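Engineer: Just model33.txt, nothing more (compact mmCIF, C-alpha atoms):
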# COMPACT_ATOMS: atom_id res chain seq x y z
CA ARG A 107 22.12 -19.95 -10.79
CA ASP A 108 22.01 -23.04 -8.57
CA GLY A 109 19.90 -21.14 -6.05
CA ILE A 110 17.31 -20.21 -8.70
CA LEU A 111 17.18 -23.77 -10.04
CA SER A 112 16.82 -25.10 -6.51
CA ASP A 113 13.95 -22.70 -5.84
CA LEU A 114 12.23 -23.71 -9.08
CA ARG A 115 12.56 -27.40 -8.25
CA GLY A 116 11.19 -26.80 -4.76
CA ARG A 117 8.25 -24.71 -5.94
CA SER A 118 7.35 -26.99 -8.85
CA LYS A 119 6.27 -29.73 -6.43
CA CYS A 120 3.54 -27.61 -4.85
CA TYR A 121 2.86 -25.00 -7.56
CA VAL A 122 -0.33 -26.66 -8.81
CA SER A 123 -1.63 -27.31 -5.29
CA ASP A 124 -1.25 -23.61 -4.42
CA TRP A 125 -4.00 -22.92 -6.93
CA THR A 126 -6.15 -26.04 -6.63
CA ASP A 127 -6.22 -25.89 -2.82
CA GLY A 128 -7.28 -22.27 -2.99
CA PHE A 129 -10.17 -22.95 -5.36
CA ALA A 130 -11.10 -26.08 -3.40
CA ALA A 131 -11.62 -23.90 -0.32
CA HIS A 132 -14.58 -22.28 -2.10
CA VAL A 133 -16.11 -19.49 0.00
CA HIS A 134 -13.43 -19.69 2.70
CA ILE A 135 -10.85 -18.21 0.32
CA LEU A 136 -12.91 -15.04 -0.08
CA ALA A 137 -11.93 -13.60 3.33
CA PRO A 138 -8.12 -13.66 2.83
CA SER A 139 -8.54 -12.66 -0.82
CA THR A 140 -10.65 -9.65 0.16
CA TYR A 141 -8.17 -8.67 2.85
CA ILE A 142 -5.20 -8.92 0.46
CA PHE A 143 -7.12 -6.95 -2.19
CA PHE A 144 -7.76 -4.02 0.15
CA ALA A 145 -4.27 -4.29 1.64
CA SER A 146 -2.90 -3.81 -1.89
CA VAL A 147 -5.36 -1.27 -3.29
CA ILE A 148 -5.55 1.18 -0.39
CA PRO A 149 -1.75 1.81 -0.18
CA ALA A 150 -1.66 2.07 -3.98
CA LEU A 151 -4.30 4.81 -3.91
CA THR A 152 -2.75 6.58 -0.92
CA PHE A 153 0.83 6.54 -2.15
CA GLY A 154 -0.28 7.17 -5.72
CA GLU A 155 -1.81 10.45 -4.60
CA GLN A 156 1.33 11.30 -2.65
CA LEU A 157 3.54 10.44 -5.63
CA SER A 158 1.40 12.69 -7.80
CA ASP A 159 2.01 15.56 -5.37
CA GLU A 160 5.74 14.84 -5.07
CA THR A 161 6.34 14.52 -8.84
CA GLU A 162 3.83 17.15 -10.03
CA GLY A 163 1.66 14.51 -11.66
CA GLN A 164 4.35 12.75 -13.68
CA ILE A 165 3.69 9.62 -11.61
CA ASN A 166 0.14 9.33 -10.28
CA GLY A 167 -2.34 6.91 -8.79
CA VAL A 168 -3.25 5.34 -12.13
CA HIS A 169 0.38 4.36 -12.72
CA VAL A 170 0.67 2.90 -9.22
CA LEU A 171 -2.55 0.89 -9.57
CA ILE A 172 -1.54 -0.54 -12.95
CA THR A 173 1.97 -1.50 -11.82
CA THR A 174 0.63 -3.00 -8.58
CA ALA A 175 -1.81 -5.14 -10.57
CA MET A 176 0.86 -6.19 -13.06
CA CYS A 177 3.43 -7.10 -10.38
CA GLY A 178 0.85 -8.95 -8.31
CA THR A 179 -0.30 -10.97 -11.32
CA ILE A 180 3.26 -11.84 -12.37
CA GLN A 181 4.18 -12.82 -8.81
CA ALA A 182 1.07 -14.98 -8.49
CA LEU A 183 1.62 -16.75 -11.81
CA PHE A 184 5.38 -17.27 -11.75
CA GLY A 185 6.05 -17.16 -8.01
CA GLY A 186 3.22 -19.46 -7.02
CA GLN A 187 2.17 -17.06 -4.26
CA PRO A 188 -1.32 -15.76 -5.14
CA LEU A 189 -1.92 -14.18 -1.71
CA LEU A 190 1.24 -12.08 -1.54
CA ILE A 191 1.00 -8.32 -0.99
CA VAL A 192 2.92 -6.51 -3.73
CA GLY A 193 2.96 -2.75 -3.89
CA VAL A 194 4.59 0.59 -3.24
CA ALA A 195 5.63 1.72 0.24
CA GLU A 196 6.56 5.04 1.84
CA PRO A 197 10.38 4.64 1.39
CA ILE A 198 9.82 4.32 -2.37
CA VAL A 199 7.77 7.52 -2.35
CA LEU A 200 10.57 9.32 -0.51
CA VAL A 201 13.14 8.10 -3.06
CA TYR A 202 10.99 9.27 -5.98
CA GLY A 203 10.46 12.61 -4.26
CA TYR A 204 14.19 13.23 -3.88
CA MET A 205 14.83 11.99 -7.43
CA PHE A 206 12.28 14.48 -8.76
CA ILE A 207 13.94 17.33 -6.85
CA VAL A 208 17.34 16.39 -8.32
CA ALA A 209 15.86 16.00 -11.81
CA LYS A 210 14.16 19.38 -11.58
CA THR A 211 17.30 21.07 -10.24
CA TYR A 212 19.60 19.76 -12.97
CA GLU A 213 16.93 19.77 -15.70
CA ILE A 214 17.01 16.00 -16.19
CA PRO A 215 13.93 14.32 -17.74
CA PHE A 216 12.42 12.65 -14.69
CA VAL A 217 10.44 9.75 -16.19
CA PRO A 218 13.29 8.39 -18.41
CA TRP A 219 15.72 8.72 -15.49
CA ALA A 220 13.34 6.87 -13.17
CA SER A 221 12.90 4.14 -15.80
CA VAL A 222 16.65 3.63 -16.15
CA THR A 223 16.96 3.51 -12.35
CA LEU A 224 14.34 0.76 -12.18
CA PHE A 225 16.19 -1.27 -14.82
CA TRP A 226 19.31 -1.05 -12.66
CA VAL A 227 17.27 -2.17 -9.62
CA ALA A 228 15.92 -5.13 -11.62
CA LEU A 229 19.47 -6.07 -12.63
CA MET A 230 20.65 -5.91 -9.00
CA CYS A 231 17.73 -8.07 -7.85
CA ALA A 232 18.54 -10.61 -10.58
CA LEU A 233 22.19 -10.71 -9.51
CA LEU A 234 21.19 -11.20 -5.88
CA ALA A 235 18.95 -14.10 -6.92
CA ILE A 236 21.64 -15.65 -9.13
CA MET A 237 24.18 -15.49 -6.31
CA ASN A 238 21.62 -17.04 -3.93
CA THR A 239 22.22 -14.34 -1.33
CA CYS A 240 19.08 -15.40 0.57
CA CYS A 241 21.17 -18.19 2.10
CA TYR A 242 22.85 -15.53 4.25
CA ILE A 243 19.60 -14.47 5.87
CA HIS A 244 20.40 -16.58 8.94
CA HIS A 245 23.18 -14.09 9.79
CA PHE A 246 20.51 -11.47 10.55
CA THR A 247 18.30 -11.40 13.61
CA ARG A 248 14.59 -10.56 13.71
CA PHE A 249 15.59 -7.14 15.02
CA SER A 250 16.38 -5.95 11.49
CA GLY A 251 13.00 -7.02 10.15
CA GLU A 252 11.10 -5.63 13.12
CA LEU A 253 12.98 -2.35 12.89
CA PHE A 254 12.09 -1.98 9.22
CA GLY A 255 8.47 -2.84 10.03
CA LEU A 256 8.50 -0.12 12.69
CA LEU A 257 9.84 2.35 10.12
CA ILE A 258 7.04 1.51 7.68
CA ALA A 259 4.43 1.82 10.45
CA LEU A 260 5.76 5.23 11.53
CA LEU A 261 5.82 6.46 7.92
CA PHE A 262 2.23 5.30 7.45
CA LEU A 263 1.26 7.11 10.65
CA GLN A 264 3.10 10.25 9.57
CA GLN A 265 1.34 10.26 6.22
CA ALA A 266 -2.05 9.78 7.90
CA ILE A 267 -1.41 12.72 10.24
CA LYS A 268 -0.24 14.91 7.36
CA GLY A 269 -3.35 14.00 5.39
CA LEU A 270 -5.66 14.88 8.26
CA ALA A 271 -3.82 18.14 8.92
CA SER A 272 -4.16 19.11 5.25
CA GLU A 273 -7.96 18.87 5.57
CA PHE A 274 -7.82 21.95 7.83
CA GLN A 275 -6.02 23.90 5.08
CA VAL A 276 -7.32 25.47 1.92
CA PRO A 277 -6.59 23.36 -1.19
CA ALA A 278 -3.87 24.82 -3.40
CA VAL A 279 -6.35 25.12 -6.28
CA HIS A 280 -8.52 27.61 -4.35
CA ARG A 281 -5.79 29.22 -2.24
CA ARG A 282 -4.98 32.07 -4.63
CA VAL A 283 -8.63 33.05 -5.07
CA LEU A 284 -9.28 33.07 -1.33
CA GLU A 285 -6.11 35.06 -0.63
CA ASP A 286 -7.28 37.71 -3.09
CA GLU A 287 -10.62 37.92 -1.30
CA GLY A 288 -8.81 38.17 2.04
CA LYS A 289 -11.10 35.90 4.03
CA GLU A 290 -11.00 32.39 5.44
CA PRO A 291 -13.73 30.01 4.21
CA SER A 292 -16.35 29.09 6.78
CA TRP A 293 -16.35 25.41 5.73
CA LEU A 294 -12.66 24.84 6.56
CA LEU A 295 -13.13 23.83 10.21
CA PHE A 296 -16.06 21.55 9.38
CA ASN A 297 -14.04 19.91 6.59
CA GLY A 298 -11.20 19.09 8.98
CA ALA A 299 -13.53 17.90 11.74
CA PHE A 300 -15.40 15.68 9.29
CA ALA A 301 -12.08 14.18 8.11
CA LEU A 302 -11.19 13.36 11.73
CA PHE A 303 -14.62 11.80 12.23
CA LEU A 304 -14.15 9.58 9.16
CA ALA A 305 -10.59 8.59 10.11
CA PHE A 306 -11.36 7.62 13.70
CA GLY A 307 -14.65 6.03 12.67
CA LEU A 308 -12.84 3.76 10.20
CA LEU A 309 -10.13 2.96 12.74
CA GLY A 310 -12.62 2.21 15.50
CA THR A 311 -14.93 -0.01 13.44
CA SER A 312 -11.98 -1.91 11.95
CA LEU A 313 -10.48 -2.62 15.37
CA ALA A 314 -13.87 -3.57 16.80
CA SER A 315 -14.62 -5.99 13.96
CA VAL A 316 -11.39 -7.91 14.61
CA GLY A 317 -12.72 -9.11 17.97
CA ALA A 318 -16.26 -9.76 16.75
CA ARG A 319 -15.77 -13.51 17.09
CA HIS A 320 -15.86 -13.11 20.90
CA TRP A 321 -18.94 -10.87 21.03
CA ASN A 322 -21.98 -11.92 23.03
CA VAL A 323 -24.42 -10.63 20.39
CA PHE A 324 -25.47 -12.20 17.07
CA ASN A 325 -25.03 -15.85 16.22
CA GLY A 326 -21.73 -17.52 15.35
CA PHE A 327 -22.16 -17.20 11.58
CA ILE A 328 -22.71 -13.42 11.66
CA ARG A 329 -19.82 -12.91 14.10
CA ARG A 330 -17.52 -14.89 11.78
CA ILE A 331 -18.61 -12.82 8.76
CA ILE A 332 -17.93 -9.58 10.67
CA THR A 333 -14.52 -10.84 11.80
CA GLU A 334 -13.43 -11.96 8.34
CA TYR A 335 -14.90 -9.14 6.28
CA GLY A 336 -15.12 -6.37 8.87
CA THR A 337 -12.18 -4.32 7.59
CA ALA A 338 -13.38 -4.43 3.99
CA LEU A 339 -16.94 -3.59 5.02
CA ALA A 340 -15.69 -0.74 7.21
CA VAL A 341 -13.79 0.77 4.26
CA LEU A 342 -16.88 0.54 2.04
CA VAL A 343 -19.26 1.93 4.68
CA TRP A 344 -17.07 4.89 5.63
CA THR A 345 -16.37 5.64 1.98
CA LEU A 346 -20.13 5.87 1.42
CA VAL A 347 -20.45 8.10 4.52
CA SER A 348 -17.78 10.43 3.13
CA MET A 349 -19.84 10.91 -0.03
Hey, can you dump this file as structure tokens for me?
Structural biologist:
Amino acid sequence: RDGILSDLRGRSKCYVSDWTDGFAAHVHILAPSTYIFFASVIPALTFGEQLSDETEGQINGVHVLITTAMCGTIQALFGGQPLLIVGVAEPIVLVYGYMFIVAKTYEIPFVPWASVTLFWVALMCALLAIMNTCCYIHHFTRFSGELFGLLIALLFLQQAIKGLASEFQVPAVHRRVLEDEGKEPSWLLFNGAFALFLAFGLLGTSLASVGARHWNVFNGFIRRIITEYGTALAVLVWTLVSM
């Protein structure tokens, strides 16, 4: 309890300035806001699709988007951290996948069981906050955090590779029809190659835009715009190309 009260007293001194300073920055706040928006939305869409596959549609992208928006809003309002990334990650998807397998095996209603599990998680988080367990963080080295970051990066990479590999396969919706016809569609190779083109195109333009500030072309204003908004623009441009 003392830890929570201490946190509230500490945050109350700068809570208002977190918002007023952000709005006072005017156009300069758009770049980090845009980056945080895409950093929250893209994983929500990606993992929402994966959750839909893992749970046979009982949890899907709409649910993930809504909960991400709700948690982000609550964290911004009550936590005083409006530029914090809040969202689902690959370990959560794995947990839900295994929970769905267990629920299906033992004929347990999945959604109510998942809801009860989340209430227990909320209770544990509240107890950890009440006991001020964050004061023990100095007993851990950066190795733990870096190792977890490496795990998340590898899981992201694994999911990206699986997604690209799936583009060379016939979608499950059309698989039965094509198996009955006994022939492989002619568009399959092009579909996979086009997916690779989009993936590496997005990766390349995003990485190139990061160093745009040091380019020898364009004036300083344009280079700064490309540096700050390059990733967001790359996502929009390559999404349009994919259409």
Engineer: Between CA of Gly178 (chain A) and CA of Val192 (chain A), what is the spacing in Å?
Structural biologist: 5.6 Å
Engineer: For each of A:Phe144, A:Trp226, A:Phe129, A:Phe300, take the minimum atom-to-atom distance to Ser348 (chain A), counting only C-alpha atoms, then give the residue where this is smallest.
Structural biologist: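 Using only C-alpha atoms, Ser348 (chain A) sits closest to A:Phe300.
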Engineer: Counting all atoms listed in the file, what is within 12 Å of Gln265 (chain A), bar same-chain residues fewer than 5 positions away, as a tab-separated table (two decimals) with C-alpha atoms, in the frame of the given file?
Structural biologist:
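Written file, around.tsv:
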chain	number	residue	atom	x	y	z
A	149	PRO	CA	-1.75	1.81	-0.18
A	152	THR	CA	-2.75	6.58	-0.92
A	153	PHE	CA	0.83	6.54	-2.15
A	155	GLU	CA	-1.81	10.45	-4.60
A	156	GLN	CA	1.33	11.30	-2.65
A	195	ALA	CA	5.63	1.72	0.24
A	196	GLU	CA	6.56	5.04	1.84
A	197	PRO	CA	10.38	4.64	1.39
A	199	VAL	CA	7.77	7.52	-2.35
A	200	LEU	CA	10.57	9.32	-0.51
A	258	ILE	CA	7.04	1.51	7.68
A	259	ALA	CA	4.43	1.82	10.45
A	260	LEU	CA	5.76	5.23	11.53
A	270	LEU	CA	-5.66	14.88	8.26
A	271	ALA	CA	-3.82	18.14	8.92
A	272	SER	CA	-4.16	19.11	5.25
Engineer: In Å, rounded to a single decimal, give me how far CA of Ala340 (chain A) is from CA of Ala318 (chain A).
Structural biologist: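 CA of Ala340 (chain A) lies 13.1 Å from CA of Ala318 (chain A).
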Engineer: Separation of CA of Ile207 (chain A) and CA of Glu160 (chain A), in Å?
Structural biologist: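 Taking CA of Ile207 (chain A) and CA of Glu160 (chain A), their separation equals 8.8 Å.
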Engineer: Between A:Leu313, A:Ile148, A:Cys241, A:Leu114, single out the one closest to Leu342 (chain A), counting only C-alpha atoms.
Structural biologist: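 That would be A:Ile148, the residue with the smallest distance to Leu342 (chain A).
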Engineer: Residues within 12 Å of region 202-204 of chain A, please, as a compact mmCIF listing (two decimals) with C-alpha atoms, keeping the file's coordinate frame. Count only C-alpha atoms; anything in the same chain fewer than 2 positions from it doesn't count.
Structural biologist:
# COMPACT_ATOMS: atom_id res chain seq x y z
CA PHE A 153 0.83 6.54 -2.15
CA GLY A 154 -0.28 7.17 -5.72
CA GLN A 156 1.33 11.30 -2.65
CA LEU A 157 3.54 10.44 -5.63
CA SER A 158 1.40 12.69 -7.80
CA ASP A 159 2.01 15.56 -5.37
CA GLU A 160 5.74 14.84 -5.07
CA THR A 161 6.34 14.52 -8.84
CA GLU A 162 3.83 17.15 -10.03
CA GLY A 163 1.66 14.51 -11.66
CA GLN A 164 4.35 12.75 -13.68
CA ILE A 165 3.69 9.62 -11.61
CA ASN A 166 0.14 9.33 -10.28
CA VAL A 194 4.59 0.59 -3.24
CA ALA A 195 5.63 1.72 0.24
CA GLU A 196 6.56 5.04 1.84
CA PRO A 197 10.38 4.64 1.39
CA ILE A 198 9.82 4.32 -2.37
CA VAL A 199 7.77 7.52 -2.35
CA LEU A 200 10.57 9.32 -0.51
CA PHE A 206 12.28 14.48 -8.76
CA ILE A 207 13.94 17.33 -6.85
CA VAL A 208 17.34 16.39 -8.32
CA ALA A 209 15.86 16.00 -11.81
CA LYS A 210 14.16 19.38 -11.58
CA THR A 211 17.30 21.07 -10.24
CA PHE A 216 12.42 12.65 -14.69
CA VAL A 217 10.44 9.75 -16.19
CA TRP A 219 15.72 8.72 -15.49
CA ALA A 220 13.34 6.87 -13.17
CA SER A 221 12.90 4.14 -15.80
CA THR A 223 16.96 3.51 -12.35
CA LEU A 224 14.34 0.76 -12.18
Engineer: For Cys177 (chain A), find every residue with an atom within 9 Å (counting only C-alpha atoms), except residues of its own chain fewer than 5 positions away, and show them as a list in words.
Structural biologist: Ile172, Ala182, Val192 and Gly193 of chain A
Engineer: Can you put N, CA, C and O atoms back into region 121-132 of chain A and show it as a compact mmCIF listing (two decimals), keeping the file's coordinate frame?
Structural biologist:
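Result file follows (selection16.txt):
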# COMPACT_ATOMS: atom_id res chain seq x y z
N TYR A 121 3.40 -26.15 -6.82
CA TYR A 121 2.86 -25.00 -7.56
C TYR A 121 1.39 -25.20 -7.88
O TYR A 121 0.56 -24.31 -7.68
N VAL A 122 1.05 -26.39 -8.40
CA VAL A 122 -0.33 -26.66 -8.81
C VAL A 122 -1.25 -26.64 -7.59
O VAL A 122 -2.36 -26.09 -7.62
N SER A 123 -0.78 -27.23 -6.48
CA SER A 123 -1.63 -27.31 -5.29
C SER A 123 -1.90 -25.93 -4.69
O SER A 123 -2.93 -25.73 -4.02
N ASP A 124 -0.99 -24.97 -4.91
CA ASP A 124 -1.25 -23.61 -4.42
C ASP A 124 -2.52 -23.04 -5.02
O ASP A 124 -3.24 -22.27 -4.37
N TRP A 125 -2.81 -23.41 -6.25
CA TRP A 125 -4.00 -22.92 -6.93
C TRP A 125 -5.21 -23.82 -6.67
O TRP A 125 -6.30 -23.33 -6.37
N THR A 126 -5.02 -25.13 -6.80
CA THR A 126 -6.15 -26.04 -6.63
C THR A 126 -6.68 -26.03 -5.20
O THR A 126 -7.89 -26.09 -4.98
N ASP A 127 -5.77 -25.94 -4.22
CA ASP A 127 -6.22 -25.89 -2.82
C ASP A 127 -7.01 -24.62 -2.54
O ASP A 127 -7.97 -24.62 -1.77
N GLY A 128 -6.57 -23.53 -3.18
CA GLY A 128 -7.28 -22.27 -2.99
C GLY A 128 -8.70 -22.32 -3.54
O GLY A 128 -9.66 -21.91 -2.88
N PHE A 129 -8.84 -22.85 -4.76
CA PHE A 129 -10.17 -22.95 -5.36
C PHE A 129 -11.02 -24.01 -4.65
O PHE A 129 -12.25 -23.90 -4.60
N ALA A 130 -10.36 -25.04 -4.11
CA ALA A 130 -11.10 -26.08 -3.40
C ALA A 130 -11.69 -25.56 -2.09
O ALA A 130 -12.64 -26.13 -1.56
N ALA A 131 -11.11 -24.47 -1.57
CA ALA A 131 -11.62 -23.90 -0.32
C ALA A 131 -12.95 -23.19 -0.50
O ALA A 131 -13.63 -22.87 0.48
N HIS A 132 -13.32 -22.92 -1.76
CA HIS A 132 -14.58 -22.28 -2.10
C HIS A 132 -14.74 -20.94 -1.38
O HIS A 132 -13.89 -20.07 -1.48
